[in-house]
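S.K.: Structure below; questions to follow.
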Amino acid sequence: MTTQQKIAVIPGDGIGPEVARASVRILERIAAARSLPLTFDWFDFGAERYLKDGTILPDGFMQRLRDEYAAIYFGAVGDPRVPGNEHAKGILLAMRFELDLYVNLRPCILFDDRLSPLKGKGTNELRFTVFRENTEGLYTGTAGTFKKDTPDEIAQEVEVNTRKGVERIIVAAFEFARANKQTRVCMADKANVMLHGHGLWRRVFAIVAKRYPEIQAKAMYVDALAMDLIRAPESYGVIVTNNLFGDILTDLGAALTGGLGIAASGNIHPDRVSLFEPVHGSAPDIAGKGKANPVAMALSGAMMLEHLGHLREAKLLHDATVEQVREGKHTADLVPLLGGAASSTEEVSAELLARVERRLAEG
Ligand code: ATP
């Protein structure tokens with residue numbers, strides 16, 4: 001008997017529910033047609049629930065995710081009615097840390113030359129994948145303020161770099177490169193200034209790289225890399241870096257490859273429950289208007305199918321979505337790049353579903 005794979009769907013706030021509905025409909029169709037053992041359970045965690053009864057995530061929910069679920073399919077969190085966004089931290093950051101989702105995987109692959117903002121750089125040049133460390137660095141909240149609101153105020157965040165944490169993300173990047181026949185791995189740091197933490201990254205990178213002799217390994221300062229990603233993006237295949245630099249470089253990567261509306265990501269612990277989400281946030285400015293681009297969520301769904309071992313179906317959904325971007329209707333965010341008229345979330349996702357159906361029918 002095939003083991004069931006339960007997926008926890010957390011649509012969240014803003015445009016999250018709009019793009020989640022559109023994509024789960026497509027995933028359910030693929031699962032039904034191909035007899036995949038997937039079931040989808042919906043959870044209403046987000047600003048609305050938090051404002052109603054104070055729930056961020058209920059007690060025991062994290063354990064349920066660990067014990068019962070194969071993956072989490074996540075929309076976005078963030079709502080202007082919760083100015084401190086404490087619910088967002090308690091949901092998304094808590095899952096990243098408590099489920100130990102140490103790989104933040106963000107492909108930055110250009111699907112169509114018209115989406116490139118760089119002169120002379122197209123689909124052959126813009127194809128790199130970022131491995132961002134997701135559980136340490138400057139985002140752990142190891143921080144404090146002293147003498148607050150006085151002229152002598154001191155505020156600090158401590159950057160956490162553990163040998164184990166650094167090694168496992170670097171290994172993940174090299175393993176991905178090997179599995180995908182990529183010949184280059186670049187590590188971005190600031191080891192010239194941050195001698196201790198980033199010195200550790202340098203040492204571990206050199207040790208791990210020796211185990212992958214077929215892969216060219218290069219360590220770079222992040223400022224030089226940021227410049228080079230604009231000047232010569234074709235020089236990069238896999239990039240591995242810490243939490244903060246990865247956050248920044250992947251927004252740059254999204255901007256180089258068509259924007260937030262089509263940028264997908266995985267928050268992964270290999271072999272454990274992992275979370276897949278669009279790179280974009282809840283975009284309150286366009287929420288409820290039918291303007292949200294559903295492509296980033298659909299591509300995150302394809303990454304989830306791959307993680308769950310459904311490689312053919314992952315490719316089917318990925319290819320259909322890329323074709324949608326190249327040839328189909330698109331939402332307003334892509335009009336400046338692709339021209340034409342703006343279609344709604346529903347129109348784009350209905351057309352994408354039709355492309356998926358066509359591929360399913362072809363077998
Ligand atoms: P966060 O801090 O949660 O990342 P943010 O407000 O900084 O949120 P986003 O919510 O990602 O960033 O949105 C930034 C802008 O990008 C939005 O104002 C919106 O116009 C645009 N945007 C983001 N996602 C989409 C999408 N899926 N479709 C269309 N436009 C989008």
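In the structure tokens, chains take letters A, B, ... by order of appearance, with residues numbered from 1 within each chain and ligands from 1 in the order shown.
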Would you name the residues within 8 Å of ligand 1, counting only C-alpha atoms and all ligand atoms, and put them as a list of chain:residue names?

M.R.: A:Ile15, A:Val19, A:Ala76, A:Val77, A:Gly78, A:Gly259, A:Leu260, A:Gly261, A:Ile262, A:Pro278, A:Val279, A:His280, A:Gly281, A:Ser282, A:Ala283, A:Pro284, A:Asp285, A:Ile286, A:Lys291, A:Ala292, A:Asn293, A:Pro294, A:Val295, A:Ala296, A:Met297, A:Thr331, A:Ala332, A:Asp333

S.K.: At a cut-off of 9 Å, can you tabulate as JSON lines every residue of segment 57-113 of chain A near segment 131-148 of chain A together with its closest atom pair and the distance in Å to one decimal, using only C-alpha atoms and ordering rows by chain then number?

M.R.:
```
{"residue": "A:Leu93", "atom": "CA", "partner": "A:Thr135", "partner_atom": "CA", "distance": 8.9}
{"residue": "A:Arg96", "atom": "CA", "partner": "A:Thr135", "partner_atom": "CA", "distance": 6.6}
{"residue": "A:Phe97", "atom": "CA", "partner": "A:Thr135", "partner_atom": "CA", "distance": 5.4}
{"residue": "A:Glu98", "atom": "CA", "partner": "A:Thr135", "partner_atom": "CA", "distance": 8.9}
{"residue": "A:Asp100", "atom": "CA", "partner": "A:Thr135", "partner_atom": "CA", "distance": 6.6}
{"residue": "A:Leu101", "atom": "CA", "partner": "A:Asn134", "partner_atom": "CA", "distance": 6.6}
{"residue": "A:Tyr102", "atom": "CA", "partner": "A:Asn134", "partner_atom": "CA", "distance": 4.7}
{"residue": "A:Val103", "atom": "CA", "partner": "A:Glu133", "partner_atom": "CA", "distance": 5.6}
{"residue": "A:Asn104", "atom": "CA", "partner": "A:Arg132", "partner_atom": "CA", "distance": 4.9}
{"residue": "A:Leu105", "atom": "CA", "partner": "A:Phe131", "partner_atom": "CA", "distance": 5.0}
{"residue": "A:Arg106", "atom": "CA", "partner": "A:Phe131", "partner_atom": "CA", "distance": 6.6}
{"residue": "A:Pro107", "atom": "CA", "partner": "A:Phe131", "partner_atom": "CA", "distance": 8.7}
```

S.K.: Please, could you write that set of residues out with C-alpha atoms as a short mmCIF file (atom, residue, chain, number, x, y, z; two decimals), in the first residue's frame?

M.R.:
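That gives us out_38.cif:
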```
data_model
loop_
_atom_site.label_atom_id
_atom_site.label_comp_id
_atom_site.auth_asym_id
_atom_site.auth_seq_id
_atom_site.Cartn_x
_atom_site.Cartn_y
_atom_site.Cartn_z
CA LEU A 93 10.09 32.05 11.38
CA ARG A 96 11.87 27.58 9.88
CA PHE A 97 13.66 27.38 13.24
CA GLU A 98 11.68 24.73 15.11
CA ASP A 100 15.09 23.01 11.49
CA LEU A 101 14.46 23.88 7.83
CA TYR A 102 18.07 24.77 7.25
CA VAL A 103 18.10 24.96 3.47
CA ASN A 104 16.38 27.92 1.90
CA LEU A 105 16.50 26.94 -1.75
CA ARG A 106 15.78 29.64 -4.28
CA PRO A 107 16.21 29.01 -7.99
#
```

S.K.: Taking into account only C-alpha atoms, which residue in the set A:Asp112, A:Asp319, A:Glu86, A:Asp41 is nearest to Leu338 of chain A?

M.R.: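 Under the stated criterion, the closest residue is A:Asp112.
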
S.K.: Using only C-alpha atoms, determine which residues lie at most 6 Å from Glu277 of chain A, disregarding the query and same-chain residues fewer than 2 positions distant; provide the list as a PyMOL selection string.

M.R.: chain A and resi 74-75+265+300

S.K.: Taking only C-alpha atoms into account, name the residue in A:Ala177, A:Leu275, A:Val356, A:Ala70 that is nearest to Ser23 of chain A.

M.R.: A:Val356

S.K.: Closest to Leu65 of chain A among A:Gly165, A:Val9, A:Ile30, A:Asp113, using only C-alpha atoms?

M.R.: A:Val9

S.K.: Counting only C-alpha atoms, figure out which residue out of A:Glu362, A:Glu313, A:Glu357, A:Glu48 gets nearest to Leu36 of chain A.

M.R.: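 Checking each candidate against Leu36 of chain A, we get A:Glu313 as the closest.
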
S.K.: Taking only segment 2-189 of chain A into account, list the residues labelled strand (DSSP E or B) by DSSP (computed from the backbone), as JSON, numbers by chain.

M.R.: {"A": [5, 6, 7, 8, 9, 10, 11, 12, 38, 39, 40, 41, 42, 71, 72, 73, 74, 75, 76, 103, 104, 105, 106, 107, 108, 109, 127, 128, 129, 130, 131, 132, 133, 137, 143, 144, 145, 146, 154, 155, 156, 157, 160, 184, 185, 186, 187, 188, 189]}

S.K.: I'd like the contact shell of Leu353 of chain A - 10 Å cut-off, only C-alpha atoms, skipping same-chain residues fewer than 5 positions apart - returned as a list of chain:residue names.

M.R.: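 Listed by chain and then number, they are A:Ala22, A:Ser23, A:Arg25, A:Ile26, A:Leu27, A:Arg29, A:Ile30, A:Leu317, A:Ala320, A:Thr321, A:Gln324, A:Glu347, A:Val348, A:Arg358, A:Arg359.
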
S.K.: Which of segment 3-51 of chain A end up as alpha helix (DSSP H) when DSSP is run on this backbone - answer as an NGL selection string?

M.R.: :A and (16-33 or 47-51)
